[in-house]
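Participant: Sharing coords_22.pdb, PDB, C-alpha atoms, pLDDT in the B column:
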```
ATOM      1  CA  MET A   1     -25.654  48.131  25.058  1.00 59.00           C
ATOM      2  CA  ASP A   2     -22.565  50.290  25.452  1.00 55.00           C
ATOM      3  CA  PRO A   3     -20.032  49.562  22.647  1.00 56.00           C
ATOM      4  CA  GLN A   4     -17.211  50.260  25.119  1.00 58.00           C
ATOM      5  CA  SER A   5     -18.407  47.790  27.781  1.00 67.00           C
ATOM      6  CA  PRO A   6     -19.420  44.373  26.445  1.00 73.00           C
ATOM      7  CA  PRO A   7     -21.856  42.545  28.753  1.00 87.00           C
ATOM      8  CA  LEU A   8     -19.764  39.389  29.025  1.00 92.00           C
ATOM      9  CA  ALA A   9     -22.041  37.943  31.715  1.00 92.00           C
ATOM     10  CA  VAL A  10     -25.002  38.272  29.344  1.00 89.00           C
ATOM     11  CA  LEU A  11     -23.013  36.654  26.540  1.00 93.00           C
ATOM     12  CA  GLY A  12     -21.957  33.824  28.847  1.00 94.00           C
ATOM     13  CA  SER A  13     -25.561  33.176  29.872  1.00 91.00           C
ATOM     14  CA  LEU A  14     -26.701  33.165  26.258  1.00 91.00           C
ATOM     15  CA  LEU A  15     -23.946  30.813  25.127  1.00 94.00           C
ATOM     16  CA  PHE A  16     -24.554  28.487  28.064  1.00 93.00           C
ATOM     17  CA  THR A  17     -28.122  28.181  26.806  1.00 90.00           C
ATOM     18  CA  LEU A  18     -27.301  27.998  23.092  1.00 92.00           C
ATOM     19  CA  ILE A  19     -24.134  25.864  22.975  1.00 94.00           C
ATOM     20  CA  GLY A  20     -23.774  24.674  26.563  1.00 93.00           C
ATOM     21  CA  PRO A  21     -24.034  21.263  28.231  1.00 93.00           C
ATOM     22  CA  ILE A  22     -27.801  21.073  28.788  1.00 91.00           C
ATOM     23  CA  GLY A  23     -28.565  19.581  25.386  1.00 87.00           C
ATOM     24  CA  LEU A  24     -25.114  18.094  24.866  1.00 92.00           C
ATOM     25  CA  MET A  25     -24.968  15.728  27.845  1.00 94.00           C
ATOM     26  CA  PRO A  26     -27.769  13.336  26.832  1.00 92.00           C
ATOM     27  CA  ALA A  27     -26.491  13.144  23.255  1.00 90.00           C
ATOM     28  CA  PHE A  28     -22.899  12.469  24.339  1.00 94.00           C
ATOM     29  CA  ALA A  29     -23.991   9.846  26.869  1.00 93.00           C
ATOM     30  CA  MET A  30     -25.959   8.085  24.144  1.00 91.00           C
ATOM     31  CA  LEU A  31     -23.128   8.203  21.623  1.00 90.00           C
ATOM     32  CA  THR A  32     -20.487   6.957  24.060  1.00 91.00           C
ATOM     33  CA  LYS A  33     -22.506   4.318  25.873  1.00 89.00           C
ATOM     34  CA  GLY A  34     -20.113   1.536  26.877  1.00 89.00           C
ATOM     35  CA  ALA A  35     -16.971   3.495  25.930  1.00 91.00           C
ATOM     36  CA  ASP A  36     -14.096   3.804  28.420  1.00 92.00           C
ATOM     37  CA  PHE A  37     -12.823   7.117  29.814  1.00 94.00           C
ATOM     38  CA  GLY A  38      -9.959   7.342  27.330  1.00 94.00           C
ATOM     39  CA  ALA A  39     -12.259   7.011  24.333  1.00 92.00           C
ATOM     40  CA  ARG A  40     -14.682   9.568  25.765  1.00 94.00           C
ATOM     41  CA  LEU A  41     -11.858  12.001  26.516  1.00 95.00           C
ATOM     42  CA  LYS A  42     -10.427  11.647  23.018  1.00 94.00           C
ATOM     43  CA  LEU A  43     -13.801  12.111  21.346  1.00 94.00           C
ATOM     44  CA  GLY A  44     -14.910  14.995  23.564  1.00 95.00           C
ATOM     45  CA  GLY A  45     -11.538  16.737  23.315  1.00 96.00           C
ATOM     46  CA  ALA A  46     -11.564  16.513  19.528  1.00 95.00           C
ATOM     47  CA  ALA A  47     -15.108  17.923  19.375  1.00 96.00           C
ATOM     48  CA  ILE A  48     -14.150  20.825  21.644  1.00 97.00           C
ATOM     49  CA  GLY A  49     -11.057  21.535  19.544  1.00 97.00           C
ATOM     50  CA  ILE A  50     -13.104  21.636  16.348  1.00 96.00           C
ATOM     51  CA  ALA A  51     -15.676  23.902  18.001  1.00 97.00           C
ATOM     52  CA  ALA A  52     -12.953  26.265  19.256  1.00 97.00           C
ATOM     53  CA  VAL A  53     -11.542  26.607  15.736  1.00 97.00           C
ATOM     54  CA  ALA A  54     -15.014  27.240  14.301  1.00 96.00           C
ATOM     55  CA  PHE A  55     -15.856  29.960  16.818  1.00 97.00           C
ATOM     56  CA  GLY A  56     -12.378  31.438  16.440  1.00 97.00           C
ATOM     57  CA  LEU A  57     -13.036  31.826  12.714  1.00 96.00           C
ATOM     58  CA  ALA A  58     -16.406  33.408  13.470  1.00 94.00           C
ATOM     59  CA  VAL A  59     -14.713  36.027  15.662  1.00 95.00           C
ATOM     60  CA  ALA A  60     -11.611  36.585  13.526  1.00 94.00           C
ATOM     61  CA  VAL A  61     -13.180  36.403  10.049  1.00 93.00           C
ATOM     62  CA  GLY A  62     -16.968  36.575  10.271  1.00 91.00           C
ATOM     63  CA  ALA A  63     -17.214  39.600  12.563  1.00 90.00           C
ATOM     64  CA  PRO A  64     -14.825  41.796  10.498  1.00 91.00           C
ATOM     65  CA  ALA A  65     -16.771  40.844   7.369  1.00 90.00           C
ATOM     66  CA  MET A  66     -20.014  41.985   9.001  1.00 86.00           C
ATOM     67  CA  GLN A  67     -18.340  45.180  10.145  1.00 82.00           C
ATOM     68  CA  LYS A  68     -17.106  45.971   6.634  1.00 87.00           C
ATOM     69  CA  ALA A  69     -20.639  45.433   5.338  1.00 85.00           C
ATOM     70  CA  GLY A  70     -21.654  48.560   7.255  1.00 80.00           C
ATOM     71  CA  THR A  71     -24.154  47.012   9.663  1.00 78.00           C
ATOM     72  CA  SER A  72     -25.412  49.589  12.160  1.00 82.00           C
ATOM     73  CA  PRO A  73     -25.394  48.949  15.925  1.00 81.00           C
ATOM     74  CA  ALA A  74     -29.189  49.129  15.983  1.00 85.00           C
ATOM     75  CA  SER A  75     -29.518  46.476  13.278  1.00 87.00           C
ATOM     76  CA  LEU A  76     -27.066  44.198  15.101  1.00 86.00           C
ATOM     77  CA  ILE A  77     -29.036  44.439  18.340  1.00 87.00           C
ATOM     78  CA  PHE A  78     -32.315  43.869  16.486  1.00 89.00           C
ATOM     79  CA  ALA A  79     -30.878  40.852  14.637  1.00 89.00           C
ATOM     80  CA  ALA A  80     -29.689  39.351  17.932  1.00 89.00           C
ATOM     81  CA  GLY A  81     -33.175  39.821  19.369  1.00 90.00           C
ATOM     82  CA  VAL A  82     -34.869  38.101  16.422  1.00 92.00           C
ATOM     83  CA  ILE A  83     -32.458  35.158  16.528  1.00 91.00           C
ATOM     84  CA  LEU A  84     -32.755  34.692  20.290  1.00 90.00           C
ATOM     85  CA  LEU A  85     -36.531  34.986  20.355  1.00 91.00           C
ATOM     86  CA  LEU A  86     -37.123  32.550  17.488  1.00 91.00           C
ATOM     87  CA  THR A  87     -34.661  30.026  18.924  1.00 89.00           C
ATOM     88  CA  ALA A  88     -36.213  30.298  22.381  1.00 88.00           C
ATOM     89  CA  LEU A  89     -39.728  29.779  21.027  1.00 88.00           C
ATOM     90  CA  ARG A  90     -38.578  26.734  19.076  1.00 84.00           C
ATOM     91  CA  SER A  91     -36.998  25.316  22.231  1.00 80.00           C
ATOM     92  CA  ILE A  92     -39.998  26.062  24.452  1.00 78.00           C
ATOM     93  CA  PHE A  93     -42.488  24.519  22.037  1.00 81.00           C
ATOM     94  CA  GLY A  94     -40.322  21.456  21.419  1.00 68.00           C
ATOM     95  CA  THR A  95     -39.544  21.612  17.708  1.00 51.00           C
ATOM     96  CA  LYS A  96     -35.893  20.587  17.947  1.00 47.00           C
ATOM     97  CA  GLY A  97     -34.429  17.809  15.874  1.00 44.00           C
ATOM     98  CA  GLY A  98     -34.076  14.264  17.145  1.00 44.00           C
ATOM     99  CA  ASN A  99     -31.196  12.845  19.131  1.00 48.00           C
ATOM    100  CA  PRO A 100     -28.386  10.860  17.545  1.00 47.00           C
ATOM    101  CA  SER A 101     -28.845   7.125  17.224  1.00 47.00           C
ATOM    102  CA  PRO A 102     -27.795   5.108  20.281  1.00 44.00           C
ATOM    103  CA  ALA A 103     -26.261   2.540  17.933  1.00 42.00           C
ATOM    104  CA  ALA A 104     -23.536   4.993  16.906  1.00 45.00           C
ATOM    105  CA  GLN A 105     -20.084   4.265  18.319  1.00 51.00           C
ATOM    106  CA  PRO A 106     -17.349   6.810  19.057  1.00 46.00           C
ATOM    107  CA  SER A 107     -14.747   6.490  16.342  1.00 57.00           C
ATOM    108  CA  GLY A 108     -12.253   9.221  15.628  1.00 68.00           C
ATOM    109  CA  PHE A 109     -12.407  12.561  13.897  1.00 79.00           C
ATOM    110  CA  GLY A 110     -15.553  11.902  11.882  1.00 88.00           C
ATOM    111  CA  MET A 111     -17.849  11.565  14.868  1.00 88.00           C
ATOM    112  CA  ALA A 112     -16.124  14.377  16.729  1.00 92.00           C
ATOM    113  CA  LEU A 113     -16.838  16.607  13.743  1.00 92.00           C
ATOM    114  CA  SER A 114     -20.436  15.468  13.321  1.00 89.00           C
ATOM    115  CA  PRO A 115     -22.716  15.180  15.184  1.00 88.00           C
ATOM    116  CA  LEU A 116     -20.783  16.338  18.267  1.00 92.00           C
ATOM    117  CA  ALA A 117     -19.000  19.524  17.181  1.00 94.00           C
ATOM    118  CA  ILE A 118     -21.386  20.357  14.327  1.00 93.00           C
ATOM    119  CA  PRO A 119     -24.259  20.812  14.997  1.00 90.00           C
ATOM    120  CA  GLY A 120     -24.045  19.651  18.630  1.00 92.00           C
ATOM    121  CA  ILE A 121     -21.859  22.533  19.850  1.00 95.00           C
ATOM    122  CA  VAL A 122     -21.330  24.827  16.858  1.00 95.00           C
ATOM    123  CA  THR A 123     -24.967  25.693  16.253  1.00 92.00           C
ATOM    124  CA  PRO A 124     -25.967  28.305  13.660  1.00 89.00           C
ATOM    125  CA  VAL A 125     -27.583  30.486  16.314  1.00 91.00           C
ATOM    126  CA  GLY A 126     -24.530  30.212  18.575  1.00 93.00           C
ATOM    127  CA  VAL A 127     -22.232  31.308  15.763  1.00 94.00           C
ATOM    128  CA  ALA A 128     -24.609  34.153  14.883  1.00 91.00           C
ATOM    129  CA  VAL A 129     -24.681  35.492  18.449  1.00 93.00           C
ATOM    130  CA  VAL A 130     -20.889  35.334  18.771  1.00 95.00           C
ATOM    131  CA  MET A 131     -20.454  37.152  15.449  1.00 93.00           C
ATOM    132  CA  ILE A 132     -22.971  39.841  16.403  1.00 92.00           C
ATOM    133  CA  PHE A 133     -21.274  40.490  19.757  1.00 93.00           C
ATOM    134  CA  ALA A 134     -17.816  40.505  18.139  1.00 93.00           C
ATOM    135  CA  THR A 135     -19.034  42.969  15.499  1.00 91.00           C
ATOM    136  CA  TYR A 136     -20.725  45.258  18.015  1.00 90.00           C
ATOM    137  CA  PHE A 137     -17.725  45.173  20.380  1.00 91.00           C
ATOM    138  CA  PRO A 138     -14.695  45.011  18.035  1.00 91.00           C
ATOM    139  CA  ALA A 139     -12.257  46.042  20.781  1.00 91.00           C
ATOM    140  CA  ALA A 140     -13.334  43.158  22.999  1.00 94.00           C
ATOM    141  CA  ARG A 141     -13.037  40.233  20.591  1.00 94.00           C
ATOM    142  CA  LEU A 142     -10.422  38.467  22.708  1.00 95.00           C
ATOM    143  CA  GLU A 143     -12.666  38.707  25.778  1.00 96.00           C
ATOM    144  CA  ILE A 144     -15.610  37.426  23.758  1.00 96.00           C
ATOM    145  CA  PHE A 145     -13.583  34.467  22.525  1.00 97.00           C
ATOM    146  CA  ALA A 146     -12.447  33.819  26.118  1.00 97.00           C
ATOM    147  CA  VAL A 147     -16.113  33.509  27.137  1.00 97.00           C
ATOM    148  CA  VAL A 148     -16.634  31.009  24.305  1.00 97.00           C
ATOM    149  CA  LEU A 149     -13.632  28.983  25.509  1.00 98.00           C
ATOM    150  CA  ALA A 150     -15.012  28.968  29.061  1.00 97.00           C
ATOM    151  CA  ILE A 151     -18.314  27.519  27.823  1.00 97.00           C
ATOM    152  CA  LEU A 152     -16.433  24.932  25.738  1.00 97.00           C
ATOM    153  CA  ALA A 153     -14.406  23.922  28.813  1.00 97.00           C
ATOM    154  CA  ALA A 154     -17.652  23.462  30.746  1.00 97.00           C
ATOM    155  CA  ASN A 155     -18.936  21.344  27.855  1.00 97.00           C
ATOM    156  CA  LEU A 156     -15.912  19.046  28.038  1.00 97.00           C
ATOM    157  CA  VAL A 157     -16.372  18.518  31.779  1.00 97.00           C
ATOM    158  CA  ALA A 158     -20.075  17.864  31.207  1.00 96.00           C
ATOM    159  CA  MET A 159     -19.404  15.371  28.410  1.00 96.00           C
ATOM    160  CA  LEU A 160     -16.924  13.393  30.505  1.00 96.00           C
ATOM    161  CA  SER A 161     -19.442  13.148  33.350  1.00 96.00           C
ATOM    162  CA  ALA A 162     -22.499  12.692  31.116  1.00 95.00           C
ATOM    163  CA  GLY A 163     -22.740   8.914  31.482  1.00 93.00           C
ATOM    164  CA  LEU A 164     -22.639   9.004  35.278  1.00 93.00           C
ATOM    165  CA  PHE A 165     -25.060  11.936  35.380  1.00 94.00           C
ATOM    166  CA  MET A 166     -27.605  10.215  33.157  1.00 93.00           C
ATOM    167  CA  ARG A 167     -27.405   6.966  35.155  1.00 92.00           C
ATOM    168  CA  ARG A 168     -27.658   8.579  38.588  1.00 93.00           C
ATOM    169  CA  ILE A 169     -29.901  11.579  37.948  1.00 94.00           C
ATOM    170  CA  GLY A 170     -31.454  11.252  34.504  1.00 91.00           C
ATOM    171  CA  VAL A 171     -32.659  13.712  31.910  1.00 91.00           C
ATOM    172  CA  ALA A 172     -35.532  15.318  33.896  1.00 91.00           C
ATOM    173  CA  PRO A 173     -33.467  18.095  35.554  1.00 91.00           C
ATOM    174  CA  LEU A 174     -31.937  18.979  32.176  1.00 90.00           C
ATOM    175  CA  LEU A 175     -35.395  19.338  30.659  1.00 87.00           C
ATOM    176  CA  VAL A 176     -36.460  21.651  33.479  1.00 90.00           C
ATOM    177  CA  LEU A 177     -33.296  23.727  33.138  1.00 89.00           C
ATOM    178  CA  GLY A 178     -33.777  23.874  29.384  1.00 87.00           C
ATOM    179  CA  SER A 179     -37.290  25.241  29.844  1.00 87.00           C
ATOM    180  CA  VAL A 180     -36.135  27.842  32.377  1.00 89.00           C
ATOM    181  CA  PHE A 181     -33.283  29.034  30.183  1.00 88.00           C
ATOM    182  CA  GLY A 182     -35.608  29.027  27.173  1.00 88.00           C
ATOM    183  CA  VAL A 183     -37.976  31.470  28.878  1.00 90.00           C
ATOM    184  CA  LEU A 184     -35.064  33.665  29.985  1.00 88.00           C
ATOM    185  CA  GLN A 185     -33.686  33.606  26.445  1.00 90.00           C
ATOM    186  CA  ALA A 186     -37.068  34.640  25.034  1.00 92.00           C
ATOM    187  CA  ALA A 187     -37.219  37.558  27.475  1.00 91.00           C
ATOM    188  CA  MET A 188     -33.691  38.586  26.536  1.00 90.00           C
ATOM    189  CA  GLY A 189     -34.597  38.381  22.860  1.00 91.00           C
ATOM    190  CA  ILE A 190     -37.534  40.736  23.414  1.00 93.00           C
ATOM    191  CA  GLU A 191     -35.220  43.066  25.356  1.00 90.00           C
ATOM    192  CA  PHE A 192     -32.783  43.125  22.434  1.00 89.00           C
ATOM    193  CA  LEU A 193     -35.604  43.749  19.952  1.00 91.00           C
ATOM    194  CA  THR A 194     -36.890  46.671  22.010  1.00 91.00           C
ATOM    195  CA  SER A 195     -33.406  48.136  22.385  1.00 87.00           C
ATOM    196  CA  GLY A 196     -32.743  47.818  18.650  1.00 83.00           C
ATOM    197  CA  LEU A 197     -36.016  49.511  17.746  1.00 85.00           C
ATOM    198  CA  LEU A 198     -35.409  52.363  20.190  1.00 84.00           C
ATOM    199  CA  ARG A 199     -31.900  52.986  18.864  1.00 76.00           C
ATOM    200  CA  SER A 200     -33.169  52.924  15.291  1.00 72.00           C
ATOM    201  CA  ALA A 201     -35.920  55.430  16.117  1.00 66.00           C
ATOM    202  CA  LEU A 202     -33.494  57.769  17.892  1.00 57.00           C
ATOM    203  CA  TRP A 203     -31.168  57.858  14.890  1.00 52.00           C
ATOM    204  CA  GLN A 204     -33.863  58.699  12.368  1.00 52.00           C
TER
END
```
What's the structure tokens form of this structure?
Facilitator:
Amino acid sequence: MDPQSPPLAVLGSLLFTLIGPIGLMPAFAMLTKGADFGARLKLGGAAIGIAAVAFGLAVAVGAPAMQKAGTSPASLIFAAGVILLLTALRSIFGTKGGNPSPAAQPSGFGMALSPLAIPGIVTPVGVAVVMIFATYFPAARLEIFAVVLAILAANLVAMLSAGLFMRRIGVAPLLVLGSVFGVLQAAMGIEFLTSGLLRSALWQ
């Protein structure tokens, strides 16, 4: 990776897989079953707002802290590869946690905070990837945060249409997409690992 030219398309693809609507839609549809549009909009909007603040802190506070710690570019790339590969393998082999209870009802800030925003959108691996990119590309932190906001906007649209999607189409296409993106994420993780190792070897 070139520190002067952040691969925003790569970051967008990764975040779509890690914090995007594929896993969020079924959970939101289950949580808001029977709720009207206004309640769904209020709940989804609050969750997106919380997630935006969390990722904003990761970019504005977490990335500078990592930079001050003296992390090398090679170690950042290698760390991203490890995180992506392990997360992809967990997704591919189906070791994710269970879905929220269908008996839950949308009710204010508490549910928007958890389980929707955290850990539904603000996942540990998503935060880690954003922090690594923001540390590696310090001059492009605004662009990186803009990519995060674009994914969050897509999440809000997906949440508002989740009920209709699940009734008309169902979860099967989401499972297929999840598998496809999981394999792509694993390949990208290996690519990052290789790049990190090569950079480390060149600097020795």
Participant: For a quick check of understanding, using all atoms listed in the file, which of A:Ala112, A:Ala69, A:Ala186, A:Leu197 has the smallest distance to Leu86 of chain A?
Facilitator: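 Counting all atoms listed in the file, the residue closest to Leu86 of chain A is A:Ala186.
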Participant: Compile a residue-level contact table for segment 100-179 of chain A against segment 42-54 of chain A at a cut-off of 7 Å, reporting for every qualifying residue the shortest atom pair and its distance in Å to one decimal, with all atoms listed in the file counted, rows ordered by chain and ascending number, as JSON lines.
Facilitator:
```
{"residue": "A:Pro106", "atom": "CA", "partner": "A:Leu43", "partner_atom": "CA", "distance": 6.8}
{"residue": "A:Gly108", "atom": "CA", "partner": "A:Leu43", "partner_atom": "CA", "distance": 6.6}
{"residue": "A:Phe109", "atom": "CA", "partner": "A:Ala46", "partner_atom": "CA", "distance": 6.9}
{"residue": "A:Ala112", "atom": "CA", "partner": "A:Ala47", "partner_atom": "CA", "distance": 4.5}
{"residue": "A:Leu113", "atom": "CA", "partner": "A:Ala47", "partner_atom": "CA", "distance": 6.0}
{"residue": "A:Leu116", "atom": "CA", "partner": "A:Ala47", "partner_atom": "CA", "distance": 6.0}
{"residue": "A:Ala117", "atom": "CA", "partner": "A:Ala47", "partner_atom": "CA", "distance": 4.7}
{"residue": "A:Ile121", "atom": "CA", "partner": "A:Ala51", "partner_atom": "CA", "distance": 6.6}
{"residue": "A:Val122", "atom": "CA", "partner": "A:Ala51", "partner_atom": "CA", "distance": 5.8}
{"residue": "A:Leu149", "atom": "CA", "partner": "A:Ala52", "partner_atom": "CA", "distance": 6.9}
{"residue": "A:Leu152", "atom": "CA", "partner": "A:Ile48", "partner_atom": "CA", "distance": 6.2}
{"residue": "A:Leu156", "atom": "CA", "partner": "A:Gly44", "partner_atom": "CA", "distance": 6.1}
{"residue": "A:Met159", "atom": "CA", "partner": "A:Gly44", "partner_atom": "CA", "distance": 6.6}
```
Participant: So what does the PyMOL selection byres ((chain A and resi 172-179) around 9) actually pick up in this one, as a PyMOL selection string?
Facilitator: chain A and resi 17+22-23+25-26+91-92+169-171+180-184
Participant: Residues of the last selection are to be written out with C-alpha atoms, as an mmCIF file, in the frame of the given file.
Facilitator:
```cif
data_model
loop_
_atom_site.group_PDB
_atom_site.id
_atom_site.type_symbol
_atom_site.label_atom_id
_atom_site.label_comp_id
_atom_site.auth_asym_id
_atom_site.auth_seq_id
_atom_site.Cartn_x
_atom_site.Cartn_y
_atom_site.Cartn_z
ATOM 1 C CA THR A 17 -28.122 28.181 26.806
ATOM 2 C CA ILE A 22 -27.801 21.073 28.788
ATOM 3 C CA GLY A 23 -28.565 19.581 25.386
ATOM 4 C CA MET A 25 -24.968 15.728 27.845
ATOM 5 C CA PRO A 26 -27.769 13.336 26.832
ATOM 6 C CA SER A 91 -36.998 25.316 22.231
ATOM 7 C CA ILE A 92 -39.998 26.062 24.452
ATOM 8 C CA ILE A 169 -29.901 11.579 37.948
ATOM 9 C CA GLY A 170 -31.454 11.252 34.504
ATOM 10 C CA VAL A 171 -32.659 13.712 31.910
ATOM 11 C CA VAL A 180 -36.135 27.842 32.377
ATOM 12 C CA PHE A 181 -33.283 29.034 30.183
ATOM 13 C CA GLY A 182 -35.608 29.027 27.173
ATOM 14 C CA VAL A 183 -37.976 31.470 28.878
ATOM 15 C CA LEU A 184 -35.064 33.665 29.985
#
```
Participant: Given the file above and the PyMOL selection byres ((chain A and resi 58-68) around 6), which residues are selected, and can you give them as a list of chain:residue names?
Facilitator: A:Phe55, A:Gly56, A:Leu57, A:Ala69, A:Gly70, A:Met131, A:Ala134, A:Thr135
Participant: Take atom CA of Ser200 of chain A and atom CA of Phe16 of chain A and report the distance between them in Å, one decimal.
Facilitator: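 Pair atom CA of Ser200 of chain A / atom CA of Phe16 of chain A returns 28.9 Å.
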Participant: For each of A:Leu41, A:Ile132, A:Ala27, A:Ala150, take the minimum atom-to-atom distance to Ser114 of chain A, counting only C-alpha atoms, then give the residue where this is smallest.
Facilitator: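 When distances to Ser114 of chain A are compared using only C-alpha atoms, the smallest one comes from A:Ala27.
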Participant: Evaluate the PyMOL selection byres ((chain A and resi 18) around 8) and record the selected residues as a list in words, following the chain and residue labels used in the document.
Facilitator: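 Matching residues under the PyMOL selection byres ((chain A and resi 18) around 8) are Leu14, Leu15, Phe16, Thr17, Ile19, Gly20, Thr123, Val125 and Gly126 of chain A.
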Participant: Of the candidates A:Leu160, A:Ala74, A:Leu11, A:Met188, which shows the shortest atom-to-atom distance to Thr87 of chain A, using only C-alpha atoms?
Facilitator: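 Of the candidates, the smallest distance to Thr87 of chain A is held by A:Met188.
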Participant: Please determine, counting only C-alpha atoms, which residue among A:Ala9, A:Leu193, A:Ala80, A:Ala39 has the shortest atom-to-atom distance to Met111 of chain A.
Facilitator: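 Smallest separation from Met111 of chain A among the options: A:Ala39.
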Participant: Distance atom CA of Leu31 of chain A-atom CA of Ala153 of chain A, one decimal place?
Facilitator: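 Going from atom CA of Leu31 of chain A over to atom CA of Ala153 of chain A, I get 19.4 Å.
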Participant: Any idea what the distance is between atom CA of Phe78 of chain A and atom CA of Phe192 of chain A?
Facilitator: 6.0 Å
Participant: Check the smallest atom-to-atom distance from each of A:Pro73, A:Pro6, A:Gly81, A:Pro119 to Glu191 of chain A using only C-alpha atoms, then report the winner.
Facilitator: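 Ranked by minimum distance to Glu191 of chain A, first place goes to A:Gly81.
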Participant: For segment 140-154 of chain A, I'd like the enclosing box, axis-aligned and padded by 6 Å on every side, reported as AutoDock Vina command-line options with centre and edge lengths in Å to one decimal.
Facilitator:
```
--center_x -14.4 --center_y 33.3 --center_z 25.7 --size_x 19.9 --size_y 31.7 --size_z 22.2
```
Participant: With all heavy atoms as the target, complete segment 50-56 of chain A and hand it back as a PDB file, in the frame of the given file.
Facilitator:
```
ATOM      1  N   ILE A  50     -12.457  21.220  17.603  1.00 96.00           N
ATOM      2  CA  ILE A  50     -13.104  21.636  16.348  1.00 96.00           C
ATOM      3  C   ILE A  50     -14.007  22.842  16.585  1.00 96.00           C
ATOM      4  O   ILE A  50     -14.017  23.808  15.815  1.00 96.00           O
ATOM      5  CB  ILE A  50     -13.906  20.468  15.749  1.00 96.00           C
ATOM      6  CG1 ILE A  50     -12.964  19.339  15.329  1.00 96.00           C
ATOM      7  CG2 ILE A  50     -14.751  20.932  14.565  1.00 96.00           C
ATOM      8  CD1 ILE A  50     -13.668  18.041  15.016  1.00 96.00           C
ATOM      9  N   ALA A  51     -14.772  22.796  17.686  1.00 97.00           N
ATOM     10  CA  ALA A  51     -15.676  23.902  18.001  1.00 97.00           C
ATOM     11  C   ALA A  51     -14.899  25.188  18.269  1.00 97.00           C
ATOM     12  O   ALA A  51     -15.303  26.278  17.840  1.00 97.00           O
ATOM     13  CB  ALA A  51     -16.534  23.545  19.214  1.00 97.00           C
ATOM     14  N   ALA A  52     -13.762  25.079  18.966  1.00 97.00           N
ATOM     15  CA  ALA A  52     -12.953  26.265  19.256  1.00 97.00           C
ATOM     16  C   ALA A  52     -12.443  26.902  17.966  1.00 97.00           C
ATOM     17  O   ALA A  52     -12.451  28.137  17.818  1.00 97.00           O
ATOM     18  CB  ALA A  52     -11.787  25.887  20.164  1.00 97.00           C
ATOM     19  N   VAL A  53     -12.009  26.076  17.021  1.00 97.00           N
ATOM     20  CA  VAL A  53     -11.542  26.607  15.736  1.00 97.00           C
ATOM     21  C   VAL A  53     -12.687  27.293  14.994  1.00 97.00           C
ATOM     22  O   VAL A  53     -12.526  28.390  14.432  1.00 97.00           O
ATOM     23  CB  VAL A  53     -10.944  25.474  14.879  1.00 97.00           C
ATOM     24  CG1 VAL A  53     -10.668  25.966  13.457  1.00 97.00           C
ATOM     25  CG2 VAL A  53      -9.661  24.944  15.509  1.00 97.00           C
ATOM     26  N   ALA A  54     -13.863  26.671  15.006  1.00 96.00           N
ATOM     27  CA  ALA A  54     -15.014  27.240  14.301  1.00 96.00           C
ATOM     28  C   ALA A  54     -15.406  28.593  14.880  1.00 96.00           C
ATOM     29  O   ALA A  54     -15.627  29.570  14.142  1.00 96.00           O
ATOM     30  CB  ALA A  54     -16.190  26.272  14.352  1.00 96.00           C
ATOM     31  N   PHE A  55     -15.491  28.683  16.202  1.00 97.00           N
ATOM     32  CA  PHE A  55     -15.856  29.960  16.818  1.00 97.00           C
ATOM     33  C   PHE A  55     -14.735  30.985  16.676  1.00 97.00           C
ATOM     34  O   PHE A  55     -15.000  32.189  16.567  1.00 97.00           O
ATOM     35  CB  PHE A  55     -16.222  29.753  18.289  1.00 97.00           C
ATOM     36  CG  PHE A  55     -17.604  29.205  18.489  1.00 97.00           C
ATOM     37  CD1 PHE A  55     -17.796  27.924  18.975  1.00 97.00           C
ATOM     38  CD2 PHE A  55     -18.720  29.969  18.188  1.00 97.00           C
ATOM     39  CE1 PHE A  55     -19.066  27.414  19.155  1.00 97.00           C
ATOM     40  CE2 PHE A  55     -20.002  29.471  18.363  1.00 97.00           C
ATOM     41  CZ  PHE A  55     -20.174  28.185  18.848  1.00 97.00           C
ATOM     42  N   GLY A  56     -13.487  30.520  16.685  1.00 97.00           N
ATOM     43  CA  GLY A  56     -12.378  31.438  16.440  1.00 97.00           C
ATOM     44  C   GLY A  56     -12.469  32.075  15.063  1.00 97.00           C
ATOM     45  O   GLY A  56     -12.226  33.272  14.897  1.00 97.00           O
TER      46      GLY A  56
END
```
